file data_15.cif (mmCIF, C-alpha atoms)
data_my_file
#
loop_
_atom_site.label_atom_id
_atom_site.label_comp_id
_atom_site.auth_asym_id
_atom_site.auth_seq_id
_atom_site.Cartn_x
_atom_site.Cartn_y
_atom_site.Cartn_z
CA MET A 9 -4.38 -23.69 21.98
CA SER A 10 -3.14 -22.35 18.62
CA ARG A 11 -2.93 -18.63 18.02
CA THR A 12 -5.81 -18.81 15.57
CA GLN A 13 -8.14 -21.08 17.50
CA GLY A 14 -10.70 -20.69 20.25
CA THR A 15 -13.65 -18.41 20.88
CA ASN A 16 -13.89 -15.22 22.87
CA LEU A 17 -16.00 -14.96 25.98
CA ARG A 18 -19.04 -12.87 25.17
CA VAL A 19 -20.15 -10.41 27.82
CA ILE A 20 -23.72 -9.14 27.93
CA LEU A 21 -23.97 -5.77 29.60
CA TYR A 22 -27.44 -6.06 31.07
CA GLU A 23 -29.42 -3.03 32.22
CA GLY A 24 -32.94 -4.36 31.73
CA ALA A 25 -35.77 -5.27 34.02
CA GLY A 26 -34.69 -6.40 37.48
CA SER A 27 -31.47 -4.42 37.31
CA GLU A 28 -30.24 -0.88 37.79
CA ALA A 29 -29.02 1.28 34.96
CA LEU A 30 -25.33 2.12 34.88
CA SER A 31 -24.10 5.68 34.68
CA PRO A 32 -22.85 6.65 31.19
CA ASP A 33 -19.29 6.92 32.50
CA GLU A 34 -19.37 3.53 34.21
CA ARG A 35 -20.83 1.90 31.10
CA PHE A 36 -18.20 3.45 28.83
CA ARG A 37 -15.32 2.54 31.15
CA LEU A 38 -16.58 -1.01 31.44
CA LEU A 39 -17.00 -1.38 27.68
CA THR A 40 -13.54 -0.02 26.98
CA SER A 41 -11.76 -2.19 29.53
CA LEU A 42 -13.60 -5.34 28.43
CA LEU A 43 -12.88 -4.76 24.74
CA GLU A 44 -9.22 -3.99 25.39
CA ASP A 45 -8.97 -7.24 27.28
CA GLY A 46 -10.43 -9.22 24.39
CA PHE A 47 -14.05 -9.72 25.39
CA GLU A 48 -16.90 -9.39 22.94
CA VAL A 49 -19.52 -7.15 24.48
CA THR A 50 -23.20 -6.99 23.64
CA ARG A 51 -25.42 -4.29 24.92
CA PRO A 52 -29.07 -5.20 24.47
CA ALA A 53 -31.39 -2.19 24.71
CA ASN A 54 -34.76 -0.96 23.57
CA GLY A 55 -35.58 -4.26 21.87
CA GLY A 56 -32.94 -3.52 19.24
CA LYS A 57 -31.25 -6.29 17.32
CA VAL A 58 -28.10 -7.92 18.61
CA SER A 59 -26.31 -11.06 17.52
CA PRO A 60 -28.09 -14.27 18.51
CA ALA A 61 -26.60 -16.67 21.03
CA ASP A 62 -24.61 -19.44 19.35
CA GLY A 63 -23.33 -21.64 22.11
CA ALA A 64 -20.27 -19.51 22.91
CA PRO A 65 -19.78 -18.95 26.64
CA ILE A 66 -21.64 -15.89 27.94
CA LEU A 67 -21.13 -13.74 30.99
CA LEU A 68 -24.09 -11.64 32.08
CA LEU A 69 -22.94 -8.45 33.82
CA GLY A 70 -25.33 -6.12 35.58
CA ARG A 71 -26.32 -4.46 38.78
CA PHE A 72 -29.05 -6.91 39.66
CA ARG A 73 -31.82 -6.46 42.21
CA GLU A 74 -32.15 -10.19 42.22
CA LEU A 75 -29.35 -12.33 40.84
CA PRO A 76 -30.54 -14.46 37.89
CA ALA A 77 -29.68 -18.14 38.03
CA ALA A 78 -26.62 -19.23 36.11
CA GLU A 79 -27.13 -21.95 33.50
CA ALA A 80 -24.81 -24.14 31.50
CA GLY A 81 -22.62 -21.80 29.47
CA LEU A 82 -24.21 -18.74 31.09
CA HIS A 83 -22.30 -17.07 33.91
CA VAL A 84 -23.67 -14.20 35.96
CA HIS A 85 -21.80 -11.46 37.82
CA ASP A 86 -23.21 -8.60 39.84
CA LEU A 87 -21.37 -5.32 39.32
CA SER A 88 -21.81 -4.38 42.96
CA GLY A 89 -19.35 -7.08 43.91
CA LYS A 90 -15.91 -7.92 42.66
CA ASP A 91 -14.28 -5.86 39.89
CA ALA A 92 -16.05 -6.73 36.61
CA LEU A 93 -12.88 -7.17 34.57
CA GLU A 94 -11.39 -9.49 37.14
CA ALA A 95 -14.64 -11.50 37.25
CA ALA A 96 -14.70 -11.71 33.46
CA ARG A 97 -11.10 -12.93 33.39
CA GLU A 98 -11.94 -15.64 35.91
CA VAL A 99 -14.90 -16.83 33.85
CA ARG A 100 -12.74 -16.78 30.73
CA ALA A 101 -10.16 -18.96 32.40
CA ARG A 102 -12.83 -21.36 33.68
CA SER A 103 -14.65 -21.59 30.36
CA GLY A 104 -11.48 -22.09 28.32
CA ALA A 105 -12.21 -19.05 26.16
CA ARG A 106 -9.32 -17.36 24.45
CA ARG A 107 -7.15 -14.56 25.82
CA LEU A 108 -6.30 -11.50 23.81
CA GLY A 109 -2.76 -10.42 23.16
CA GLU A 110 -1.21 -13.75 22.35
CA TRP A 111 -0.72 -12.78 18.71
CA LYS A 112 -1.01 -9.56 16.73
CA PRO A 113 -3.40 -10.55 13.95
CA TRP A 114 -1.20 -9.61 11.03
CA PHE A 115 -1.92 -11.67 7.95
CA PRO A 116 -2.87 -11.17 4.30
CA VAL A 117 -6.48 -10.97 3.19
CA ILE A 118 -7.29 -11.62 -0.45
CA ASP A 119 -9.62 -9.39 -2.43
CA TYR A 120 -11.08 -12.01 -4.77
CA GLU A 121 -12.65 -9.35 -6.92
CA ARG A 122 -9.13 -8.38 -7.97
CA CYS A 123 -7.20 -11.64 -7.60
CA THR A 124 -6.42 -13.42 -10.88
CA ASN A 125 -5.03 -16.53 -9.16
CA CYS A 126 -1.56 -15.94 -10.59
CA MET A 127 0.01 -17.61 -7.50
CA GLN A 128 2.85 -15.10 -7.23
CA CYS A 129 2.04 -14.61 -3.54
CA LEU A 130 2.19 -18.35 -2.93
CA THR A 131 5.49 -18.77 -4.67
CA PHE A 132 6.99 -15.69 -3.07
CA CYS A 133 5.92 -16.09 0.57
CA LEU A 134 8.76 -17.39 2.70
CA PHE A 135 6.50 -18.58 5.49
CA ASP A 136 4.00 -20.91 3.79
CA VAL A 137 1.08 -18.63 4.56
CA TYR A 138 -0.62 -19.40 1.25
CA GLY A 139 -2.08 -22.57 -0.20
CA VAL A 140 -4.73 -23.56 -2.70
CA ASP A 141 -8.21 -24.95 -2.16
CA GLU A 142 -9.76 -27.95 -3.90
CA GLY A 143 -10.55 -25.81 -6.91
CA GLN A 144 -6.87 -24.75 -7.20
CA ARG A 145 -7.80 -21.29 -5.98
CA ILE A 146 -5.28 -19.36 -3.94
CA GLN A 147 -6.17 -18.93 -0.28
CA VAL A 148 -4.60 -17.86 2.97
CA GLN A 149 -4.14 -21.05 4.97
CA ASN A 150 -1.69 -20.35 7.77
CA GLN A 151 -2.39 -16.84 9.00
CA SER A 152 -0.30 -17.17 12.12
CA ASN A 153 2.79 -18.06 10.06
CA CYS A 154 2.83 -14.57 8.61
CA LYS A 155 5.77 -12.37 9.55
CA THR A 156 4.35 -9.52 11.64
CA ASP A 157 4.50 -6.15 9.87
CA CYS A 158 5.79 -7.66 6.62
CA PRO A 159 3.64 -6.66 3.61
CA ALA A 160 6.06 -8.19 1.08
CA CYS A 161 3.55 -10.47 -0.68
CA SER A 162 1.22 -7.54 -1.27
CA ARG A 163 4.16 -5.77 -2.90
CA VAL A 164 4.58 -8.53 -5.44
CA CYS A 165 0.87 -8.88 -6.23
CA PRO A 166 0.41 -7.41 -9.71
CA GLU A 167 -3.32 -6.87 -9.13
CA VAL A 168 -3.23 -5.02 -5.78
CA ALA A 169 -5.39 -7.86 -4.47
CA ILE A 170 -3.65 -8.51 -1.16
CA LEU A 171 -4.63 -6.49 1.89
CA PHE A 172 -3.14 -6.16 5.31
CA PRO A 173 -5.93 -4.35 7.18
CA LYS A 174 -3.56 -3.16 9.89
CA TYR A 175 -1.04 -1.69 7.45
CA LYS A 176 -0.54 2.06 7.63
CA ASN A 177 -0.94 3.00 3.96
CA GLY A 178 -3.37 2.39 1.13
CA PRO A 179 -4.25 0.49 -0.88
CA ILE A 180 -2.63 -2.33 1.14
CA ASN A 181 -4.71 -1.34 4.18
CA GLY A 182 -7.92 -1.83 2.21
CA ASP A 183 -8.30 1.70 0.91
CA ALA A 184 -9.86 1.91 -2.54
CA VAL A 185 -7.48 0.96 -5.34
CA LYS A 186 -6.79 3.91 -7.60
CA GLN A 187 -5.73 3.80 -11.22
CA GLU A 188 -2.25 5.01 -10.28
CA ASP A 189 -1.89 2.05 -7.86
CA VAL A 190 -2.74 -0.36 -10.67
CA ARG A 191 -0.26 1.34 -12.99
CA ARG A 192 2.46 1.15 -10.34
CA GLU A 193 1.76 -2.51 -9.60
CA ALA A 194 1.62 -3.40 -13.29
CA MET A 195 5.25 -2.30 -13.53
CA LYS A 196 6.21 -5.30 -11.43
CA VAL A 197 5.09 -7.57 -14.29
CA ASP A 198 5.96 -10.78 -12.52
CA ILE A 199 7.92 -12.02 -9.58
CA THR A 200 10.65 -13.55 -11.70
CA ALA A 201 11.29 -10.18 -13.24
CA LEU A 202 11.12 -8.44 -9.90
CA LEU A 203 13.16 -10.81 -7.79
CA GLY A 204 14.82 -13.27 -10.07
CA GLY A 205 15.58 -10.83 -12.79
CA ASP A 206 15.79 -7.14 -12.12
CA LEU A 207 16.52 -7.17 -8.43
CA TYR A 208 19.09 -9.92 -8.42
CA ALA A 209 20.63 -8.69 -11.65
CA SER A 210 20.84 -5.27 -10.15
CA LEU A 211 22.30 -6.58 -6.91
CA ARG A 212 24.80 -8.74 -8.75
CA SER A 213 25.85 -5.90 -10.99
CA ARG A 214 26.23 -3.57 -8.01
CA GLN A 215 28.16 -6.23 -6.18
CA GLN A 216 30.42 -6.77 -9.19
CA GLU A 217 30.95 -3.05 -9.54
CA ALA A 218 31.75 -2.83 -5.88
CA ARG A 219 34.12 -5.78 -6.17
CA LYS A 220 35.82 -4.10 -9.11
CA ARG A 221 36.07 -0.87 -7.21
CA PHE A 222 37.37 -2.52 -4.11
CA SER A 223 39.53 -5.14 -5.80
CA THR A 224 42.48 -2.84 -5.73
CA GLU A 225 41.95 -2.41 -2.04
CA ARG A 226 41.32 -6.15 -1.52
CA ASP A 227 38.46 -5.22 0.76
CA GLU A 228 35.62 -7.73 0.32
CA SER A 229 33.87 -6.61 3.45
CA ARG A 230 33.20 -3.24 1.87
CA ALA A 231 31.50 -5.00 -1.04
CA ILE A 232 29.31 -6.88 1.39
CA LEU A 233 28.49 -3.65 3.15
CA GLU A 234 27.54 -2.14 -0.18
CA ARG A 235 25.18 -5.05 -0.87
CA LYS A 236 23.63 -4.67 2.54
CA ARG A 237 23.18 -0.96 1.99
CA CYS A 238 21.50 -1.64 -1.33
CA LEU A 239 19.08 -4.13 0.25
CA LYS A 240 18.37 -1.75 3.10
CA GLU A 241 17.40 0.98 0.68
CA LEU A 242 15.09 -1.40 -1.13
CA GLY A 243 13.59 -2.60 2.13
CA LYS A 244 12.91 0.95 3.22
CA GLU A 245 11.24 1.73 -0.08
CA LEU A 246 9.00 -1.34 0.06
CA ASP A 247 8.58 -1.44 3.86
CA ILE A 248 9.82 -5.02 4.05
CA PRO A 249 11.61 -6.18 7.21
CA ASP A 250 15.36 -6.74 6.83
CA GLU A 251 15.23 -10.40 7.76
CA VAL A 252 12.68 -11.07 5.02
CA LEU A 253 14.64 -9.12 2.47
CA MET A 254 17.86 -10.91 3.36
CA SER A 255 16.25 -14.27 2.73
CA LEU A 256 14.44 -13.54 -0.52
CA PRO A 257 13.99 -16.69 -2.56
CA SER A 258 16.06 -17.25 -5.66
CA VAL A 259 14.45 -17.91 -9.03
CA GLU A 260 15.11 -21.62 -8.53
CA ASP A 261 13.46 -21.50 -5.10
CA ILE A 262 10.43 -19.78 -6.55
CA HIS A 263 10.02 -22.38 -9.28
CA SER A 264 10.55 -25.36 -6.98
CA ARG A 265 8.11 -23.90 -4.45
CA ALA A 266 5.47 -23.55 -7.17
CA GLU A 267 6.09 -27.15 -8.21
CA ARG A 268 5.82 -28.35 -4.60
CA ALA A 269 2.53 -26.49 -4.16
CA LYS A 270 1.13 -28.07 -7.32
CA ALA A 271 2.27 -31.55 -6.27
CA LYS A 272 0.80 -31.10 -2.80
CA MET A 273 -2.54 -30.08 -4.30
CA ALA A 274 -2.50 -32.97 -6.75
CA ALA A 275 -1.81 -35.41 -3.90
CA ARG A 276 -4.64 -33.91 -1.87
CA GLN A 277 -7.01 -34.24 -4.84
CA ALA A 278 -5.95 -37.83 -5.41
CA ARG A 279 -6.61 -38.64 -1.74
CA SER A 280 -10.02 -37.00 -1.85
CA GLN A 281 -10.86 -38.94 -5.06
CA THR A 282 -9.90 -42.20 -3.32
CA VAL A 283 -12.22 -41.38 -0.43
CA LYS A 284 -15.05 -40.57 -2.85
CA ASP A 285 -14.48 -43.82 -4.77
CA SER A 286 -14.51 -45.91 -1.61
CA ARG A 287 -17.73 -44.35 -0.34
CA PRO A 288 -20.77 -46.64 -0.86
CA ALA A 289 -23.46 -45.46 -3.22
CA PRO A 290 -26.25 -43.57 -1.43
CA THR A 291 -29.32 -45.54 -0.51
CA GLU A 292 -32.81 -44.52 -1.58
CA LYS A 293 -33.43 -43.35 1.94
CA GLU A 294 -30.37 -41.10 1.83
CA TRP A 295 -31.56 -39.63 -1.43
CA GLY A 296 -34.86 -38.92 0.27
CA ILE A 297 -36.84 -40.95 -2.28
CA MET B 18 -36.97 -11.81 34.71
CA SER B 19 -35.43 -12.52 31.36
CA THR B 20 -31.69 -12.96 31.52
CA GLY B 21 -31.39 -10.88 28.38
CA THR B 22 -29.61 -13.59 26.47
CA PRO B 23 -29.68 -12.22 22.96
CA ASP B 24 -31.96 -13.98 20.59
CA GLY B 25 -31.67 -11.66 17.65
CA SER B 26 -35.24 -10.52 17.99
CA GLY B 27 -36.32 -6.94 17.79
CA SER B 28 -36.43 -4.60 14.90
CA GLY B 29 -34.17 -2.28 13.01
CA VAL B 30 -30.60 -2.40 11.89
CA ARG B 31 -27.95 -4.32 13.80
CA LEU B 32 -24.95 -2.27 14.96
CA LEU B 33 -21.42 -3.60 15.24
CA TYR B 34 -18.42 -1.74 16.61
CA CYS B 35 -14.82 -2.99 16.16
CA HIS B 36 -12.31 -1.76 18.73
CA CYS B 37 -9.24 -2.72 16.65
CA ALA B 38 -7.58 -3.61 19.94
CA TYR B 39 -4.36 -4.98 18.46
CA ALA B 40 -3.18 -1.99 16.49
CA LYS B 41 -3.09 1.76 16.65
CA VAL B 42 -4.24 2.31 13.11
CA VAL B 43 -7.64 3.71 14.12
CA PRO B 44 -7.23 7.10 15.78
CA PRO B 45 -7.87 6.44 19.50
CA GLU B 46 -9.88 9.62 19.91
CA VAL B 47 -12.26 8.55 17.12
CA LYS B 48 -12.69 5.07 18.60
CA ALA B 49 -13.30 6.47 22.07
CA GLU B 50 -15.81 9.06 20.91
CA VAL B 51 -17.73 6.57 18.76
CA LEU B 52 -17.87 4.03 21.58
CA ARG B 53 -18.83 6.62 24.19
CA ARG B 54 -21.67 8.08 22.17
CA LEU B 55 -22.81 4.67 21.00
CA SER B 56 -23.01 3.50 24.61
CA GLU B 57 -24.94 6.62 25.57
CA SER B 58 -27.32 6.39 22.63
CA GLY B 59 -29.64 3.79 24.09
CA ALA B 60 -29.16 1.64 20.98
CA ALA B 61 -28.53 -2.08 21.17
CA PHE B 62 -25.18 -3.07 19.72
CA ASP B 63 -22.44 -5.67 19.58
CA ALA B 64 -18.83 -4.64 20.13
CA VAL B 65 -15.88 -6.84 19.24
CA PRO B 66 -12.24 -6.43 20.28
CA ASP B 67 -10.75 -6.97 16.84
CA LEU B 68 -12.33 -8.15 13.58
CA CYS B 69 -8.93 -9.17 12.14
CA ASP B 70 -8.33 -11.50 15.06
CA MET B 71 -11.82 -12.98 14.71
CA SER B 72 -11.34 -13.47 10.97
CA ALA B 73 -8.04 -15.29 11.48
CA ARG B 74 -9.77 -17.62 13.94
CA LYS B 75 -12.82 -18.01 11.70
CA ASP B 76 -14.81 -17.09 14.78
CA PRO B 77 -18.40 -18.34 14.43
CA ALA B 78 -19.51 -14.94 15.74
CA LEU B 79 -18.72 -13.50 12.31
CA ALA B 80 -21.18 -15.86 10.63
CA ARG B 81 -23.76 -14.89 13.25
CA ILE B 82 -23.21 -11.21 12.39
CA ALA B 83 -23.09 -11.72 8.63
CA GLY B 84 -26.28 -13.73 8.69
CA SER B 85 -28.27 -11.31 10.75
CA GLY B 86 -29.68 -8.96 8.13
CA ALA B 87 -29.23 -5.23 7.84
CA THR B 88 -26.11 -4.18 9.71
CA ARG B 89 -24.04 -1.05 10.20
CA ILE B 90 -20.41 -1.70 11.05
CA ALA B 91 -18.04 0.87 12.53
CA ALA B 92 -14.56 -0.43 11.76
CA CYS B 93 -12.04 0.45 9.04
CA TYR B 94 -11.87 0.37 5.25
CA PRO B 95 -14.97 -1.27 3.73
CA ARG B 96 -12.84 -3.36 1.34
CA ALA B 97 -10.85 -4.73 4.29
CA VAL B 98 -13.95 -5.50 6.36
CA LYS B 99 -15.70 -7.18 3.43
CA TRP B 100 -12.79 -9.53 2.75
CA LEU B 101 -12.10 -10.20 6.43
CA PHE B 102 -15.62 -11.62 6.72
CA HIS B 103 -15.14 -13.54 3.49
CA ALA B 104 -11.82 -14.97 4.73
CA ALA B 105 -13.63 -16.25 7.81
CA GLY B 106 -16.12 -18.12 5.63
CA ALA B 107 -18.85 -15.66 6.62
CA PRO B 108 -19.33 -13.35 3.63
CA LEU B 109 -21.39 -10.25 4.27
CA PRO B 110 -24.59 -9.99 2.27
CA ALA B 111 -24.37 -7.77 -0.80
CA GLU B 112 -27.28 -5.66 0.37
CA GLY B 113 -28.12 -4.07 3.69
CA VAL B 114 -24.62 -3.68 5.11
CA GLU B 115 -23.07 -0.29 5.63
CA ILE B 116 -19.43 -0.06 6.70
CA LEU B 117 -18.21 3.10 8.37
CA ASN B 118 -14.51 3.82 8.36
CA MET B 119 -13.08 5.07 11.66
CA ARG B 120 -9.62 5.37 10.04
CA THR B 121 -10.72 8.15 7.71
CA GLN B 122 -14.06 9.47 8.94
CA SER B 123 -14.52 11.70 11.97
CA ALA B 124 -16.41 10.37 14.99
CA GLY B 125 -19.26 12.72 14.10
CA GLU B 126 -19.49 11.38 10.55
CA VAL B 127 -19.46 7.78 11.77
CA LEU B 128 -22.06 8.40 14.47
CA GLU B 129 -24.35 10.27 12.12
CA ARG B 130 -24.79 7.04 10.12
CA LEU B 131 -24.33 4.55 12.94
CA VAL B 132 -26.82 5.87 15.45
CA PRO B 133 -29.87 7.47 13.98
CA PRO B 134 -30.89 10.67 15.78
CA PRO B 135 -33.52 10.06 18.45
CA ALA B 136 -37.09 10.51 17.38
CA ALA B 137 -38.98 13.49 18.79
CA GLY B 138 -40.06 12.83 22.36
CA ASP B 139 -37.23 10.40 23.13
CA GLY B 140 -35.99 12.46 26.02
CA GLU B 141 -34.46 9.64 28.01
CA GLU B 142 -32.79 6.40 27.24
CA ALA B 143 -35.41 3.69 27.24
CA ARG B 144 -34.86 0.47 29.16
CA LEU B 145 -34.89 -3.04 27.80
#

call {"tool": "encode", "arguments": {"input": "data_15.cif", "output": "structure tokens"}}
result
Amino acid sequence: MSRTQGTNLRVILYEGAGSEALSPDERFRLLTSLLEDGFEVTRPANGGKVSPADGAPILLLGRFRELPAAEAGLHVHDLSGKDALEAAREVRARSGARRLGEWKPWFPVIDYERCTNCMQCLTFCLFDVYGVDEGQRIQVQNQSNCKTDCPACSRVCPEVAILFPKYKNGPINGDAVKQEDVRREAMKVDITALLGGDLYASLRSRQQEARKRFSTERDESRAILERKRCLKELGKELDIPDEVLMSLPSVEDIHSRAERAKAKMAARQARSQTVKDSRPAPTEKEWGI
Amino acid sequence: MSTGTPDGSGSGVRLLYCHCAYAKVVPPEVKAEVLRRLSESGAAFDAVPDLCDMSARKDPALARIAGSGATRIAACYPRAVKWLFHAAGAPLPAEGVEILNMRTQSAGEVLERLVPPPAAGDGEEARL
């Protein structure tokens, strides 16, 4: 099963008719342990609204006076018996529901109220996280490809439109975007200027200076160390992991990646057009006439 | 006896709690206090391990939540929650959804909005 597929097992903590109420402590402990182990938990009470059933596997947990019958997709466990968490894990394994902890969900989320579809994130991302939909609109397509704890694409977004909800600081974590954030981001202008121009120019010039300085000593390794130090400082400032920073795309890479993305989209559109063309015209019945 | 399988019936606002199980960005003491008092409140609610994880998987549960009318969500930044639902193809309705931020608000502030104070005479938690 892929890291971004599968449904969670939903646990219903039942304390209604035909069952005994749990103590507040027991209920809280149970809720906490189930959630930390990746189970969705619903507590129906007082006729209040909860999410409707939708075919996902369900485990009914309670201290029952009389055990309700299990049905297809509905499992029942009495809290007086085996440990509830262990029972839930067993049902999860049997029902093929997903386990928590296989992947830290770190991926970009686009704020479409801010996004201008400039595609800088798509051209910058080293891991093919982004793609475009049928309408040529940028979208996050491969969440699990994202490099954990790397917010680099949000750093190159000129509109502060990319969020990482688990990031420590705003506005990348979803905090409101302030005017000063927009001003700061606007200074990036575009990725070519940031990476292809300023950064690389600056790195090259520092490297050349270092080479000049060290040429008398014939010590190339010190020049390389200087470059590494420069990148490290930049990485610290932008909170970008070293391995990402060390493999930043060149201007040529950025352009060819943009071209590839466009070509891929065009091919997809052509394929979808072919399918549409080969589809027979709808009958009167299908039109509902 | 009814098995209690949720059918979405009943009245009032739907409550959703996100445990943000994969990261330590929500202060643990706020999460714990909100969950404890929510579970003691006698209110019906849904609790999910991690909305980010569900969004990445486009979990159908998000559509079920988004399509279920007035909802109060205890999670993190409203902008993040809004676009997480959108990314899952389950956009939250423009009206009737209140998002409470456990990253910046105290447990007391979150609970004040999440669980309405009991009406006079509600001395004990009612049963289903």

call {"tool": "residues_around", "arguments": {"input": "data_15.cif", "residues": "range 47-58 of chain B", "least_positions_apart": "4", "cutoff": "10 Å", "atoms": "all atoms listed in the file", "output": "PDB file with C-alpha atoms, in the coordinates of the input"}}
result
ATOM      1  CA  SER A  31     -24.100   5.680  34.680  1.00  0.00           C
ATOM      2  CA  PRO A  32     -22.850   6.650  31.190  1.00  0.00           C
ATOM      3  CA  ASP A  33     -19.290   6.920  32.500  1.00  0.00           C
ATOM      4  CA  ARG A  35     -20.830   1.900  31.100  1.00  0.00           C
ATOM      5  CA  PHE A  36     -18.200   3.450  28.830  1.00  0.00           C
ATOM      6  CA  ARG A  37     -15.320   2.540  31.150  1.00  0.00           C
ATOM      7  CA  LEU A  39     -17.000  -1.380  27.680  1.00  0.00           C
ATOM      8  CA  THR A  40     -13.540  -0.020  26.980  1.00  0.00           C
ATOM      9  CA  ARG A  51     -25.420  -4.290  24.920  1.00  0.00           C
ATOM     10  CA  ALA A  53     -31.390  -2.190  24.710  1.00  0.00           C
TER      11      ALA A  53
ATOM     12  CA  LEU B  32     -24.950  -2.270  14.960  1.00  0.00           C
ATOM     13  CA  TYR B  34     -18.420  -1.740  16.610  1.00  0.00           C
ATOM     14  CA  CYS B  35     -14.820  -2.990  16.160  1.00  0.00           C
ATOM     15  CA  HIS B  36     -12.310  -1.760  18.730  1.00  0.00           C
ATOM     16  CA  CYS B  37      -9.240  -2.720  16.650  1.00  0.00           C
ATOM     17  CA  VAL B  43      -7.640   3.710  14.120  1.00  0.00           C
ATOM     18  CA  PHE B  62     -25.180  -3.070  19.720  1.00  0.00           C
ATOM     19  CA  ALA B  64     -18.830  -4.640  20.130  1.00  0.00           C
ATOM     20  CA  ALA B  91     -18.040   0.870  12.530  1.00  0.00           C
ATOM     21  CA  ALA B  92     -14.560  -0.430  11.760  1.00  0.00           C
ATOM     22  CA  MET B 119     -13.080   5.070  11.660  1.00  0.00           C
ATOM     23  CA  ARG B 120      -9.620   5.370  10.040  1.00  0.00           C
ATOM     24  CA  THR B 121     -10.720   8.150   7.710  1.00  0.00           C
ATOM     25  CA  GLN B 122     -14.060   9.470   8.940  1.00  0.00           C
ATOM     26  CA  SER B 123     -14.520  11.700  11.970  1.00  0.00           C
ATOM     27  CA  ALA B 124     -16.410  10.370  14.990  1.00  0.00           C
ATOM     28  CA  GLY B 125     -19.260  12.720  14.100  1.00  0.00           C
ATOM     29  CA  GLU B 126     -19.490  11.380  10.550  1.00  0.00           C
ATOM     30  CA  VAL B 127     -19.460   7.780  11.770  1.00  0.00           C
ATOM     31  CA  LEU B 128     -22.060   8.400  14.470  1.00  0.00           C
ATOM     32  CA  LEU B 131     -24.330   4.550  12.940  1.00  0.00           C
ATOM     33  CA  VAL B 132     -26.820   5.870  15.450  1.00  0.00           C
ATOM     34  CA  PRO B 133     -29.870   7.470  13.980  1.00  0.00           C
ATOM     35  CA  PRO B 134     -30.890  10.670  15.780  1.00  0.00           C
ATOM     36  CA  PRO B 135     -33.520  10.060  18.450  1.00  0.00           C
ATOM     37  CA  GLU B 141     -34.460   9.640  28.010  1.00  0.00           C
ATOM     38  CA  GLU B 142     -32.790   6.400  27.240  1.00  0.00           C
ATOM     39  CA  ALA B 143     -35.410   3.690  27.240  1.00  0.00           C
TER      40      ALA B 143
END

call {"tool": "resolve_selection", "arguments": {"input": "data_15.cif", "expression": "the PyMOL selection byres ((chain A and resi 185-191) around 12)", "output": "ChimeraX atom specification"}}
result
/A:119,121-122,163,165-171,177-184,192-197 /B:94-97

call {"tool": "resolve_selection", "arguments": {"input": "data_15.cif", "expression": "the PyMOL selection byres ((chain A and resi 99) around 12)", "output": "number ranges by chain"}}
result
A: 16-19, 47, 65-69, 81-85, 92-98, 100-107

call {"tool": "write_last_selection", "arguments": {"input": "data_15.cif", "atoms": "C-alpha atoms", "output": "PDB file, in the frame of the given file"}}
result
ATOM      1  CA  ASN A  16     -13.890 -15.220  22.870  1.00  0.00           C
ATOM      2  CA  LEU A  17     -16.000 -14.960  25.980  1.00  0.00           C
ATOM      3  CA  ARG A  18     -19.040 -12.870  25.170  1.00  0.00           C
ATOM      4  CA  VAL A  19     -20.150 -10.410  27.820  1.00  0.00           C
ATOM      5  CA  PHE A  47     -14.050  -9.720  25.390  1.00  0.00           C
ATOM      6  CA  PRO A  65     -19.780 -18.950  26.640  1.00  0.00           C
ATOM      7  CA  ILE A  66     -21.640 -15.890  27.940  1.00  0.00           C
ATOM      8  CA  LEU A  67     -21.130 -13.740  30.990  1.00  0.00           C
ATOM      9  CA  LEU A  68     -24.090 -11.640  32.080  1.00  0.00           C
ATOM     10  CA  LEU A  69     -22.940  -8.450  33.820  1.00  0.00           C
ATOM     11  CA  GLY A  81     -22.620 -21.800  29.470  1.00  0.00           C
ATOM     12  CA  LEU A  82     -24.210 -18.740  31.090  1.00  0.00           C
ATOM     13  CA  HIS A  83     -22.300 -17.070  33.910  1.00  0.00           C
ATOM     14  CA  VAL A  84     -23.670 -14.200  35.960  1.00  0.00           C
ATOM     15  CA  HIS A  85     -21.800 -11.460  37.820  1.00  0.00           C
ATOM     16  CA  ALA A  92     -16.050  -6.730  36.610  1.00  0.00           C
ATOM     17  CA  LEU A  93     -12.880  -7.170  34.570  1.00  0.00           C
ATOM     18  CA  GLU A  94     -11.390  -9.490  37.140  1.00  0.00           C
ATOM     19  CA  ALA A  95     -14.640 -11.500  37.250  1.00  0.00           C
ATOM     20  CA  ALA A  96     -14.700 -11.710  33.460  1.00  0.00           C
ATOM     21  CA  ARG A  97     -11.100 -12.930  33.390  1.00  0.00           C
ATOM     22  CA  GLU A  98     -11.940 -15.640  35.910  1.00  0.00           C
ATOM     23  CA  ARG A 100     -12.740 -16.780  30.730  1.00  0.00           C
ATOM     24  CA  ALA A 101     -10.160 -18.960  32.400  1.00  0.00           C
ATOM     25  CA  ARG A 102     -12.830 -21.360  33.680  1.00  0.00           C
ATOM     26  CA  SER A 103     -14.650 -21.590  30.360  1.00  0.00           C
ATOM     27  CA  GLY A 104     -11.480 -22.090  28.320  1.00  0.00           C
ATOM     28  CA  ALA A 105     -12.210 -19.050  26.160  1.00  0.00           C
ATOM     29  CA  ARG A 106      -9.320 -17.360  24.450  1.00  0.00           C
ATOM     30  CA  ARG A 107      -7.150 -14.560  25.820  1.00  0.00           C
TER      31      ARG A 107
END

call {"tool": "atom_distance", "arguments": {"input": "data_15.cif", "atom1": "CA of Lys155 in chain A", "atom2": "CA of Glu48 in chain A"}}
result
26.5 Å

call {"tool": "atom_distance", "arguments": {"input": "data_15.cif", "atom1": "CA of Pro66 in chain B", "atom2": "CA of Glu28 in chain A"}}
result
25.7 Å
